[in-house]
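Next comes work.txt, a file with compact mmCIF, C-alpha atoms.
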# COMPACT_ATOMS: atom_id res chain seq x y z
CA MET T 1 46.45 137.84 101.25
CA PRO T 2 45.17 136.75 97.84
CA PHE T 3 45.39 139.29 95.07
CA VAL T 4 42.28 141.33 94.33
CA SER T 5 41.84 143.41 91.17
CA ARG T 6 40.82 146.80 92.54
CA GLY T 7 37.32 147.71 91.44
CA PHE T 8 36.61 144.48 89.53
CA ARG T 9 33.21 142.92 90.06
CA GLY T 10 32.71 140.81 86.94
CA LYS T 11 29.59 139.57 85.24
CA ARG T 12 28.39 136.50 87.07
CA ARG T 13 26.71 133.79 85.09
CA ASP T 14 23.78 131.81 86.39
CA PRO T 15 24.79 128.84 88.60
CA ALA T 16 23.24 126.31 86.19
CA SER T 17 25.62 127.18 83.34
CA ALA T 18 28.52 127.86 85.73
CA VAL T 19 28.83 124.16 86.60
CA ARG T 20 29.12 123.37 82.88
CA VAL T 21 31.97 125.80 82.27
CA PRO T 22 35.56 124.78 83.11
CA PRO T 23 37.82 127.11 85.12
CA GLY T 24 38.98 130.25 83.32
CA GLN T 25 36.36 129.90 80.57
CA HIS T 26 33.37 132.09 79.72
CA VAL T 27 30.27 131.34 77.64
CA VAL T 28 29.84 132.83 74.17
CA THR T 29 26.79 132.65 71.93
CA ASP T 30 28.58 133.17 68.61
CA PHE T 31 31.01 130.60 67.18
CA PRO T 32 34.49 132.14 67.03
CA VAL T 33 36.87 130.91 64.34
CA LEU T 34 40.53 130.21 65.04
CA SER T 35 43.09 128.76 62.69
CA ALA T 36 46.79 129.19 62.13
CA GLY T 37 46.67 129.80 58.37
CA PRO T 38 44.41 130.16 55.36
CA THR T 39 41.29 127.97 55.29
CA PRO T 40 41.73 124.95 52.97
CA HIS T 41 38.82 124.25 50.64
CA THR T 42 38.86 120.52 49.96
CA SER T 43 36.18 119.13 47.68
CA THR T 44 34.39 116.05 48.96
CA ASP T 45 35.44 114.43 45.63
CA ASP T 46 39.05 114.67 46.80
CA TRP T 47 38.41 113.93 50.47
CA SER T 48 39.14 110.65 52.20
CA PHE T 49 39.69 109.52 55.77
CA SER T 50 42.49 107.10 56.63
CA ILE T 51 43.75 105.15 59.62
CA VAL T 52 47.45 104.42 59.16
CA GLY T 53 50.58 103.70 61.20
CA GLU T 54 50.71 100.80 63.64
CA ILE T 55 47.91 98.84 62.02
CA ASP T 56 48.14 95.64 59.97
CA GLU T 57 45.73 96.77 57.29
CA PRO T 58 45.37 100.54 56.95
CA ARG T 59 41.78 101.69 56.50
CA ARG T 60 40.51 104.30 54.09
CA TRP T 61 37.07 105.68 53.31
CA SER T 62 36.04 107.95 50.44
CA TRP T 63 33.53 110.71 51.23
CA LYS T 64 30.70 108.53 49.88
CA GLU T 65 31.80 105.51 51.90
CA PHE T 66 32.29 107.64 54.99
CA THR T 67 28.86 109.25 54.91
CA GLU T 68 27.25 105.85 54.46
CA LEU T 69 28.65 104.67 57.81
CA ALA T 70 26.35 104.69 60.82
CA SER T 71 26.32 108.27 62.10
CA GLU T 72 25.04 109.91 65.25
CA THR T 73 23.43 113.26 65.94
CA PHE T 74 24.38 114.64 69.33
CA SER T 75 24.67 117.81 71.38
CA THR T 76 27.67 118.81 73.47
CA ASP T 77 29.55 121.73 75.04
CA ILE T 78 32.86 122.83 73.50
CA HIS T 79 35.77 124.63 75.14
CA CYS T 80 38.49 126.61 73.35
CA VAL T 81 41.84 127.30 75.03
CA THR T 82 41.42 130.97 74.09
CA LYS T 83 38.88 131.07 76.95
CA TRP T 84 35.50 130.74 75.26
CA SER T 85 33.05 127.91 75.78
CA LYS T 86 29.94 127.30 73.72
CA LEU T 87 27.09 125.26 75.21
CA ASP T 88 24.68 122.86 73.50
CA THR T 89 26.31 122.70 70.07
CA SER T 90 24.72 120.08 67.80
CA TRP T 91 26.69 117.85 65.47
CA ARG T 92 26.36 114.82 63.23
CA GLY T 93 29.23 112.46 62.65
CA VAL T 94 30.71 109.00 62.84
CA SER T 95 31.96 107.77 66.21
CA MET T 96 35.68 106.98 66.37
CA ASP T 97 34.60 103.70 67.98
CA THR T 98 32.93 102.80 64.68
CA LEU T 99 36.03 103.71 62.67
CA LEU T 100 38.37 101.84 64.99
CA ASP T 101 36.08 98.84 65.45
CA GLY T 102 38.09 95.61 65.19
CA VAL T 103 41.44 97.38 64.80
CA ASP T 104 44.15 95.32 66.44
CA THR T 105 46.99 97.57 67.50
CA ALA T 106 49.53 97.90 70.28
CA ALA T 107 49.73 101.64 69.67
CA GLU T 108 48.84 103.85 72.63
CA PHE T 109 49.15 107.22 70.89
CA THR T 110 47.84 108.92 67.77
CA THR T 111 48.63 111.85 65.54
CA VAL T 112 45.57 113.32 63.88
CA PHE T 113 46.42 114.92 60.53
CA ALA T 114 44.55 117.42 58.42
CA ASP T 115 44.59 119.42 55.20
CA GLY T 116 46.82 122.47 55.52
CA GLY T 117 49.45 120.46 57.38
CA TYR T 118 47.85 120.70 60.84
CA THR T 119 48.50 117.90 63.31
CA THR T 120 47.55 117.20 66.90
CA ASN T 121 48.37 114.33 69.22
CA LEU T 122 45.97 112.35 71.41
CA PRO T 123 46.40 109.15 73.41
CA LEU T 124 44.36 106.47 71.63
CA GLU T 125 42.18 106.05 74.73
CA GLU T 126 41.01 109.68 74.32
CA LEU T 127 39.52 108.77 70.95
CA THR T 128 37.64 105.64 72.04
CA GLY T 129 34.89 104.99 74.57
CA HIS T 130 32.32 107.22 72.84
CA LYS T 131 34.34 110.39 73.41
CA ALA T 132 35.26 111.41 69.85
CA TRP T 133 33.66 111.68 66.42
CA ILE T 134 34.49 112.70 62.87
CA VAL T 135 31.72 115.25 62.33
CA PHE T 136 30.44 116.60 59.03
CA GLU T 137 27.32 118.54 60.05
CA TYR T 138 26.89 121.41 62.49
CA GLY T 139 23.43 122.62 63.47
CA GLY T 140 21.86 120.35 60.85
CA LEU T 141 23.86 121.82 57.95
CA PRO T 142 27.06 120.72 56.19
CA LEU T 143 30.06 121.83 58.23
CA HIS T 144 31.33 125.18 56.90
CA PRO T 145 35.01 125.30 55.83
CA GLU T 146 35.72 127.99 58.47
CA HIS T 147 34.71 125.50 61.14
CA GLY T 148 36.61 122.60 59.58
CA GLY T 149 34.41 121.33 56.75
CA PRO T 150 34.03 119.05 55.01
CA ALA T 151 34.85 117.13 58.20
CA ARG T 152 36.65 117.65 61.50
CA LEU T 153 37.48 115.64 64.55
CA LEU T 154 35.36 116.48 67.59
CA ALA T 155 36.70 115.39 70.97
CA PRO T 156 34.71 117.79 73.14
CA HIS T 157 36.14 116.60 76.45
CA LEU T 158 39.46 118.25 75.48
CA TYR T 159 40.27 121.83 74.44
CA LEU T 160 39.09 122.42 70.90
CA TRP T 161 42.55 122.61 69.28
CA LYS T 162 42.57 118.80 69.65
CA SER T 163 39.46 118.63 67.44
CA ALA T 164 41.41 119.03 64.20
CA LYS T 165 39.59 120.89 61.42
CA TRP T 166 39.81 119.59 57.83
CA VAL T 167 40.73 116.18 59.23
CA ARG T 168 42.04 113.53 56.85
CA GLY T 169 43.14 110.73 59.10
CA ILE T 170 44.78 109.28 62.14
CA ALA T 171 48.21 107.69 62.50
CA LEU T 172 48.47 105.08 65.26
CA GLN T 173 51.82 105.35 67.06
CA ASN T 174 53.79 103.64 69.81
CA ASP T 175 55.27 106.94 71.00
CA GLU T 176 53.69 110.28 71.77
CA GLN T 177 54.72 112.89 69.17
CA PRO T 178 53.77 116.51 69.87
CA GLY T 179 51.52 117.99 67.19
CA PHE T 180 51.34 121.56 65.88
CA TRP T 181 50.23 123.51 68.95
CA GLU T 182 51.75 120.95 71.31
CA SER T 183 55.13 121.90 69.77
CA ASN T 184 54.32 125.59 70.22
CA GLY T 185 53.72 125.85 73.94
CA TYR T 186 50.41 124.07 74.39
CA HIS T 187 49.67 121.12 76.66
CA MET T 188 50.09 117.53 75.45
CA LEU T 189 46.63 116.44 76.69
CA GLY T 190 44.54 119.61 77.10
CA ASP T 191 41.86 118.68 79.64
CA PRO T 192 39.83 121.86 80.20
CA TRP T 193 38.56 120.71 83.61
CA ARG T 194 42.16 120.51 84.82
CA GLU T 195 42.95 123.74 82.93
CA GLN T 196 45.78 122.09 80.99
CA ARG T 197 46.38 124.98 78.61
CA TYR T 198 50.14 125.27 78.29
CA TRP T 199 53.34 123.36 78.87
CA GLY T 200 53.67 122.61 82.56
CA ASP T 201 49.99 123.19 83.45
CA MET G 1 69.24 125.85 81.30
CA ALA G 2 67.58 122.61 82.35
CA ARG G 3 64.78 121.36 80.15
CA ALA G 4 62.48 121.32 83.16
CA ALA G 5 63.00 125.06 83.52
CA VAL G 6 62.24 125.68 79.86
CA LEU G 7 59.04 123.67 80.08
CA GLY G 8 58.15 125.01 83.50
CA ARG G 9 54.66 126.18 84.30
CA LEU G 10 53.81 129.67 83.19
CA THR G 11 53.39 131.38 86.53
CA TRP G 12 51.03 134.23 87.30
CA ARG G 13 52.86 137.51 87.81
CA LEU G 14 51.76 140.96 88.91
CA GLY G 15 52.35 143.80 86.49
CA LYS G 16 52.00 147.41 87.60
CA VAL G 17 50.30 149.84 85.24
CA ALA G 18 52.96 152.48 84.59
CA GLU G 19 51.18 154.37 81.82
CA ILE G 20 47.88 154.29 79.96
CA VAL G 21 47.69 155.48 76.35
CA GLN G 22 44.15 156.16 75.13
CA GLU G 23 44.64 155.10 71.50
CA THR G 24 41.05 155.65 70.31
CA PRO G 25 37.76 156.29 72.16
CA ALA G 26 37.37 152.52 72.69
CA VAL G 27 40.97 151.32 72.74
CA ALA G 28 43.70 151.82 75.32
CA SER G 29 47.23 150.51 75.71
CA LEU G 30 48.30 149.52 79.21
CA LEU G 31 52.07 149.78 79.69
CA LEU G 32 53.05 147.39 82.45
CA ASP G 33 56.15 147.01 84.58
CA VAL G 34 56.33 143.27 85.17
CA PRO G 35 59.05 142.20 87.66
CA GLY G 36 60.63 138.94 86.53
CA TRP G 37 59.20 139.16 83.00
CA PRO G 38 61.10 136.49 81.03
CA GLY G 39 60.96 138.37 77.72
CA HIS G 40 58.83 137.62 74.69
CA LEU G 41 58.83 137.29 70.91
CA ALA G 42 56.96 139.70 68.66
CA GLY G 43 53.45 138.30 68.11
CA GLN G 44 53.02 136.41 71.39
CA HIS G 45 50.19 136.96 73.85
CA VAL G 46 49.47 136.82 77.57
CA ASP G 47 46.60 135.61 79.70
CA VAL G 48 45.13 138.22 82.04
CA ARG G 49 43.26 137.15 85.17
CA LEU G 50 41.02 139.46 87.18
CA THR G 51 39.91 138.59 90.71
CA ALA G 52 36.96 140.17 92.54
CA GLU G 53 36.89 140.63 96.32
CA ASP G 54 34.81 137.49 96.80
CA GLY G 55 37.27 135.39 94.79
CA TYR G 56 35.35 135.36 91.50
CA GLN G 57 37.79 135.28 88.58
CA ALA G 58 37.71 135.98 84.86
CA GLN G 59 40.46 135.35 82.28
CA ARG G 60 41.10 136.62 78.77
CA SER G 61 43.99 136.54 76.32
CA TYR G 62 45.59 139.72 74.93
CA SER G 63 48.32 140.17 72.37
CA ILE G 64 51.51 141.92 73.42
CA ALA G 65 51.93 145.12 71.39
CA SER G 66 55.38 146.09 72.64
CA ALA G 67 58.58 144.93 70.98
CA PRO G 68 60.82 142.41 72.73
CA GLU G 69 63.38 145.16 73.26
CA ASP G 70 60.92 147.55 74.92
CA GLY G 71 61.24 147.89 78.67
CA ARG G 72 57.54 147.57 79.42
CA VAL G 73 54.93 145.04 78.35
CA ALA G 74 52.20 146.82 76.39
CA LEU G 75 48.71 145.34 76.09
CA THR G 76 46.33 147.05 73.69
CA VAL G 77 42.73 146.37 74.66
CA GLU G 78 39.50 147.22 72.84
CA ARG G 79 36.55 147.85 75.12
CA LEU G 80 33.62 145.67 74.11
CA ALA G 81 30.26 147.09 75.19
CA ASP G 82 28.94 143.80 76.59
CA GLY G 83 32.32 142.54 77.73
CA GLU G 84 33.41 141.50 81.20
CA VAL G 85 37.16 142.05 81.27
CA SER G 86 37.73 144.70 78.59
CA PRO G 87 35.46 147.36 80.20
CA TYR G 88 37.53 146.91 83.36
CA LEU G 89 40.87 147.23 81.56
CA VAL G 90 39.65 150.18 79.47
CA GLY G 91 37.80 152.48 81.86
CA GLU G 92 38.36 151.24 85.40
CA VAL G 93 42.10 150.58 85.53
CA ARG G 94 44.29 153.49 86.62
CA VAL G 95 48.02 154.10 86.68
CA GLY G 96 49.45 152.32 89.71
CA ASP G 97 46.94 149.44 89.66
CA GLU G 98 48.27 145.92 89.46
CA ILE G 99 47.17 143.32 86.91
CA GLU G 100 47.75 139.60 87.13
CA LEU G 101 49.08 137.99 83.97
CA ARG G 102 51.04 135.00 82.71
CA GLY G 103 52.99 134.48 79.54
CA PRO G 104 54.38 134.88 77.01
CA ILE G 105 52.25 132.32 75.17
CA GLY G 106 52.34 130.96 71.62
CA GLY G 107 55.27 129.90 69.48
CA PHE G 108 53.78 130.09 65.99
CA PHE G 109 52.40 133.55 65.24
CA VAL G 110 55.80 135.12 65.95
CA TRP G 111 58.34 137.05 63.90
CA LYS G 112 62.04 137.49 64.58
CA ALA G 113 64.07 140.28 63.03
CA GLY G 114 66.58 137.69 61.80
CA ASP G 115 64.04 136.25 59.35
CA PRO G 116 65.57 136.95 55.91
CA ARG G 117 62.22 137.07 54.08
CA PRO G 118 60.47 140.38 53.38
CA LEU G 119 57.68 140.98 55.87
CA LEU G 120 54.03 141.62 55.01
CA LEU G 121 51.63 142.56 57.80
CA ILE G 122 47.89 142.87 57.20
CA ALA G 123 45.76 144.17 60.07
CA GLY G 124 42.06 144.79 60.53
CA GLY G 125 40.90 146.91 63.49
CA SER G 126 42.42 145.96 66.83
CA GLY G 127 44.15 143.06 65.05
CA ILE G 128 46.99 145.56 64.65
CA ALA G 129 48.24 144.82 68.20
CA PRO G 130 50.51 141.77 67.64
CA LEU G 131 51.58 143.17 64.26
CA MET G 132 52.60 146.41 65.98
CA SER G 133 54.91 144.35 68.18
CA MET G 134 56.50 143.01 64.98
CA LEU G 135 56.75 146.44 63.37
CA ARG G 136 58.32 147.95 66.51
CA HIS G 137 60.71 144.99 66.60
CA ARG G 138 61.53 145.66 62.94
CA LYS G 139 62.12 149.36 63.64
CA ALA G 140 64.60 148.42 66.36
CA ALA G 141 66.59 146.26 63.91
CA PRO G 142 67.78 148.55 61.08
CA ALA G 143 69.50 145.74 59.19
CA ALA G 144 66.43 143.49 59.06
CA SER G 145 64.41 142.67 55.94
CA PRO G 146 62.02 145.30 54.57
CA ALA G 147 58.51 145.42 56.03
CA ARG G 148 55.14 146.48 54.68
CA LEU G 149 51.96 147.04 56.69
CA LEU G 150 48.43 147.33 55.34
CA TYR G 151 46.05 148.48 58.07
CA SER G 152 42.28 148.63 57.64
CA SER G 153 40.10 150.69 59.99
CA ARG G 154 36.54 151.95 59.79
CA THR G 155 37.23 155.65 60.36
CA ILE G 156 40.22 157.84 61.18
CA GLU G 157 39.10 157.92 64.83
CA ASP G 158 39.43 154.12 64.96
CA VAL G 159 43.08 154.09 63.90
CA ILE G 160 45.18 152.70 66.74
CA TYR G 161 48.80 153.94 67.12
CA ARG G 162 48.06 156.67 64.57
CA PRO G 163 50.91 159.12 65.34
CA GLU G 164 53.44 156.29 65.68
CA LEU G 165 52.36 154.70 62.40
CA GLU G 166 52.78 158.02 60.64
CA ARG G 167 56.31 158.31 62.05
CA LEU G 168 57.16 154.69 61.19
CA GLY G 169 56.00 155.12 57.62
CA ALA G 170 57.99 158.31 57.11
CA GLY G 171 61.74 158.52 56.83
CA ASP G 172 62.51 154.82 56.66
CA GLU G 173 62.32 153.37 53.18
CA ALA G 174 62.50 149.83 54.50
CA ILE G 175 59.24 150.28 56.46
CA GLN G 176 56.16 151.13 54.42
CA VAL G 177 52.72 151.71 55.88
CA TRP G 178 49.46 151.81 53.94
CA GLN G 179 46.08 152.49 55.45
CA THR G 180 42.53 152.07 54.28
CA LEU G 181 39.44 153.60 55.89
CA THR G 182 36.42 151.56 54.95
CA ARG G 183 33.50 153.57 56.33
CA GLU G 184 34.37 157.24 56.35
CA GLN G 185 37.37 159.30 55.30
CA PRO G 186 38.39 162.75 56.55
CA PRO G 187 38.84 165.63 54.08
CA GLY G 188 42.14 165.33 52.25
CA TRP G 189 42.55 161.61 52.98
CA THR G 190 45.15 160.16 50.63
CA GLY G 191 44.99 156.53 51.69
CA TYR G 192 42.68 153.83 50.42
CA ALA G 193 38.95 154.16 51.01
CA ARG G 194 37.56 150.64 50.60
CA ARG G 195 37.77 147.15 51.98
CA VAL G 196 40.89 145.14 51.23
CA ASP G 197 40.62 143.69 47.73
CA SER G 198 42.84 142.01 45.16
CA ALA G 199 43.74 145.29 43.40
CA MET G 200 44.92 146.76 46.69
CA LEU G 201 46.97 143.68 47.50
CA ASN G 202 48.46 143.72 44.01
CA GLU G 203 49.79 147.20 44.74
CA ILE G 204 51.07 146.48 48.24
CA ALA G 205 51.91 142.80 48.68
CA TRP G 206 55.40 141.60 47.81
CA PRO G 207 55.65 139.76 44.49
CA LYS G 208 55.35 136.06 45.19
CA GLU G 209 58.87 135.55 43.82
CA ARG G 210 60.13 137.30 46.97
CA VAL G 211 58.68 134.49 49.14
CA PRO G 212 57.48 136.82 51.91
CA ALA G 213 56.60 136.07 55.51
CA VAL G 214 52.96 137.08 55.97
CA TYR G 215 51.00 137.77 59.14
CA VAL G 216 47.27 138.53 59.04
CA CYS G 217 45.30 139.53 62.12
CA GLY G 218 41.81 140.94 62.53
CA PRO G 219 38.18 139.88 62.74
CA THR G 220 37.37 136.48 61.21
CA GLY G 221 35.78 137.77 57.99
CA PHE G 222 38.71 140.11 57.39
CA VAL G 223 41.30 137.38 57.97
CA GLU G 224 39.48 134.84 55.80
CA GLU G 225 39.15 137.33 52.95
CA ALA G 226 42.71 138.65 53.05
CA ALA G 227 44.27 135.19 53.35
CA GLU G 228 42.16 133.84 50.50
CA LEU G 229 43.05 136.77 48.22
CA LEU G 230 46.74 136.16 48.87
CA VAL G 231 46.43 132.43 48.16
CA ASP G 232 44.49 133.23 44.97
CA SER G 233 47.32 135.58 43.92
CA GLY G 234 49.79 132.70 44.07
CA TYR G 235 51.07 132.87 47.65
CA ASP G 236 51.84 129.50 49.22
CA PRO G 237 49.41 129.00 52.17
CA ALA G 238 52.43 127.97 54.24
CA TRP G 239 53.78 131.56 54.05
CA ILE G 240 50.66 132.98 55.69
CA LYS G 241 50.12 132.94 59.44
CA THR G 242 46.74 134.06 60.72
CA GLU G 243 45.34 135.10 64.04
CA ARG G 244 41.84 136.26 64.93
CA PHE G 245 41.47 139.24 67.18
CA GLY G 246 38.40 140.28 69.08
CA ALA G 247 36.69 137.00 68.33
CA THR G 248 36.87 135.61 71.82
CA GLY G 249 34.63 138.20 73.39
CA GLY G 250 34.75 140.35 76.44
When written as structure tokens, how does the structure in this file appear?
Amino acid sequence: MPFVSRGFRGKRRDPASAVRVPPGQHVVTDFPVLSAGPTPHTSTDDWSFSIVGEIDEPRRWSWKEFTELASETFSTDIHCVTKWSKLDTSWRGVSMDTLLDGVDTAAEFTTVFADGGYTTNLPLEELTGHKAWIVFEYGGLPLHPEHGGPARLLAPHLYLWKSAKWVRGIALQNDEQPGFWESNGYHMLGDPWREQRYWGD
Amino acid sequence: MARAAVLGRLTWRLGKVAEIVQETPAVASLLLDVPGWPGHLAGQHVDVRLTAEDGYQAQRSYSIASAPEDGRVALTVERLADGEVSPYLVGEVRVGDEIELRGPIGGFFVWKAGDPRPLLLIAGGSGIAPLMSMLRHRKAAPAASPARLLYSSRTIEDVIYRPELERLGAGDEAIQVWQTLTREQPPGWTGYARRVDSAMLNEIAWPKERVPAVYVCGPTGFVEEAAELLVDSGYDPAWIKTERFGATGG
């Protein structure tokens, strides 16, 4: 007989939002902050975004160059491995397809790197196909440092630890190298719909 | 041990509530007997899963407050008024009930008694839970590096583990405990009576020359402020590990 928690009823959410929330998640209305160390405060004067590694000619944009690229405003749901999901968050940023346009590489994997030393790994195909952006506005305002400003990766189809805050670039790689949380017990891919939270999930 | 076993799936286990300690009006510690528990490191957490009769489930993460050498797994839970899981764990659950959990989880916000660096723990509110695991672990290892805790609460009634903290801070020179009460202080209070600030940290934090290991846990604003003050005082950001507590709701 399946286990039942004696006396637990729970707070049911409406069916409309339930289909938008992956297993084991619940909806919050605030925007929780999680990070492993102190928040870096990088000036946009010192910020740049680079694509390095298995690429013939590495690419690099200054803040000015980056914000002059074609950007998109979009709304999406986000899912944190600590169990909260936030619906209809609005962002502005540059699609990874734009940044990777014309790149000729045999690499199948990437390591995303950020100020503060944070890294996370994603297969290259998880960054392309209109699934990932480098965002610099949230809710119509510049992205606050607590949430990863001046710019962060946003790959909302994966748990939010993949969406590196304070992002500074991407290294294209032939092999998959576990990043920060992926070395500390968390799943290599992190698909919330398959509840890939931890090693072995 | 085979690598496959090390990387094996974290399985759901049933823990039996052996004891409930009402720490404050809103906070309780559940002491669980968990058959097959693989052991944990100080600072790790577990996922708790509740299942209703019709199969509806809810999950949350909770820090482990017990030391690795303690026999039972202690979860300290703050009841949130509009929460879903915490009002069940603090209020409904009785001794003898079973709770489904899996873990331990997290390999970064952890401290081992073999770490040669002096230890600095800074807690706000129920953020004390994983730091209490570290302090209990420290207490169980007399030869370990010295430890200092700064714990911020609103009022004396909100202080979690109060009697134990008083015992820990007395009679062991290598473990020092400071408290601040930010909203209201009882008559005769000799601790701090304000929010954590740079003057307070100057008095308590290890000199940066000691290259301490620092763990900060609490609400987001508290963690941001404390970590920033330490960085401003000359601490290397790489020394400071942070975790937010109570931010994930319910």
- Task: For each of T:Ile55, T:Leu141, T:Leu160, T:Val81, take the minimum atom-to-atom distance to chain G, counting all atoms listed in the file, then give the residue where this is smallest.
- Result: T:Val81
- Got a sec: who's within 10 Å of T:Glu176, counting all atoms listed in the file, leaving out chain neighbours fewer than 5 positions off, as a PyMOL selection string? chain T and resi 107-111+121-123+188
Once you have the residues from the selection above, write them out as a PDB file, in the coordinates of the input, restricted to C-alpha atoms.
ATOM      1  CA  ALA T 107      49.730 101.640  69.670  1.00  0.00           C
ATOM      2  CA  GLU T 108      48.840 103.850  72.630  1.00  0.00           C
ATOM      3  CA  PHE T 109      49.150 107.220  70.890  1.00  0.00           C
ATOM      4  CA  THR T 110      47.840 108.920  67.770  1.00  0.00           C
ATOM      5  CA  THR T 111      48.630 111.850  65.540  1.00  0.00           C
ATOM      6  CA  ASN T 121      48.370 114.330  69.220  1.00  0.00           C
ATOM      7  CA  LEU T 122      45.970 112.350  71.410  1.00  0.00           C
ATOM      8  CA  PRO T 123      46.400 109.150  73.410  1.00  0.00           C
ATOM      9  CA  MET T 188      50.090 117.530  75.450  1.00  0.00           C
TER      10      MET T 188
END
- Task: Excluding T:Glu146 and any residue of its chain fewer than 3 positions from it, enumerate the residues within 12 Å of it, using all atoms listed in the file, and give them as a PyMOL selection string.
- Result: (chain T and resi 31-42+138+142-143+149-152+165-166) or (chain G and resi 220-221+223-225+228)
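Our summary of the geometry notes that atom CA of T:Val52 is positioned 27.5 Å from atom CA of T:Ile78.
The gap separating atom CA of G:Ile122 from atom CA of G:Cys217 is 6.5 Å, in Å to one decimal.
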- Message: For a quick test of understanding: name the residues of chain T lying within 10 Å of chain G when counting only C-alpha atoms, and present them as number ranges by chain.
- Response: T: 2-12, 23-40, 80-85, 116-117, 146, 180-186, 197-201
- Can you list, as number ranges by chain, every protein, DNA or RNA residue that comes within 9 Å of T:Ser95 when you count all atoms listed in the file, leaving out same-chain residues fewer than 6 positions away? T: 70-72, 127-128, 130-135
- Item | Selection: 6 Å around stretch 191-201 of chain G, only C-alpha atoms, excl. self and same-chain fewer than 4 positions, as a list of chain:residue names | G:Gln179, G:Thr180, G:Leu181, G:Thr182, G:Ala205
- For atom CA of T:Ala114 and atom CA of T:Asp46, the interatomic separation in Å (one decimal): 13.1 Å
- Message: Using only C-alpha atoms for the distances, tell me which of T:Arg168, T:His79, T:Lys86, T:Arg194 is nearest to T:Trp63.
- Response: T:Arg168
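Non-sequential neighbours of stretch 25-31 of chain G (distance at most 9 Å, separation of 4 or more positions within a chain, all atoms listed in the file) are Lys16, Val17, Ala18, Glu19, Ile20, Val21, Ala65, Ser66, Arg72, Val73, Ala74, Leu75, Thr76, Val77, Glu78, Arg79, Leu80, Leu89, Val90, Gly91, Val93, Val95, Ser126, Glu157, Asp158 and Ile160 of chain G.
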- Task: Please determine the residues with any atom at most 9 Å from (54.4, 140.4, 67.0) (coordinates as given in the file, with all atoms listed in the file counting) and report them as number ranges by chain.
- Result: G: 41-45, 63-68, 109-112, 129-137, 215
Include C-alpha atoms and write out the residues we just selected as a CSV table (one decimal), in the coordinates of the input.
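Output below, filename again_29.csv:
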chain,number,residue,atom,x,y,z
G,41,LEU,CA,58.8,137.3,70.9
G,42,ALA,CA,57.0,139.7,68.7
G,43,GLY,CA,53.4,138.3,68.1
G,44,GLN,CA,53.0,136.4,71.4
G,45,HIS,CA,50.2,137.0,73.8
G,63,SER,CA,48.3,140.2,72.4
G,64,ILE,CA,51.5,141.9,73.4
G,65,ALA,CA,51.9,145.1,71.4
G,66,SER,CA,55.4,146.1,72.6
G,67,ALA,CA,58.6,144.9,71.0
G,68,PRO,CA,60.8,142.4,72.7
G,109,PHE,CA,52.4,133.6,65.2
G,110,VAL,CA,55.8,135.1,66.0
G,111,TRP,CA,58.3,137.0,63.9
G,112,LYS,CA,62.0,137.5,64.6
G,129,ALA,CA,48.2,144.8,68.2
G,130,PRO,CA,50.5,141.8,67.6
G,131,LEU,CA,51.6,143.2,64.3
G,132,MET,CA,52.6,146.4,66.0
G,133,SER,CA,54.9,144.4,68.2
G,134,MET,CA,56.5,143.0,65.0
G,135,LEU,CA,56.8,146.4,63.4
G,136,ARG,CA,58.3,148.0,66.5
G,137,HIS,CA,60.7,145.0,66.6
G,215,TYR,CA,51.0,137.8,59.1
- Query: Nearest to G:Ala123 among G:Arg138, G:Arg102, G:Arg148, G:Lys208, with distances taken over only C-alpha atoms: which residue is it?
  - Reply: G:Arg148
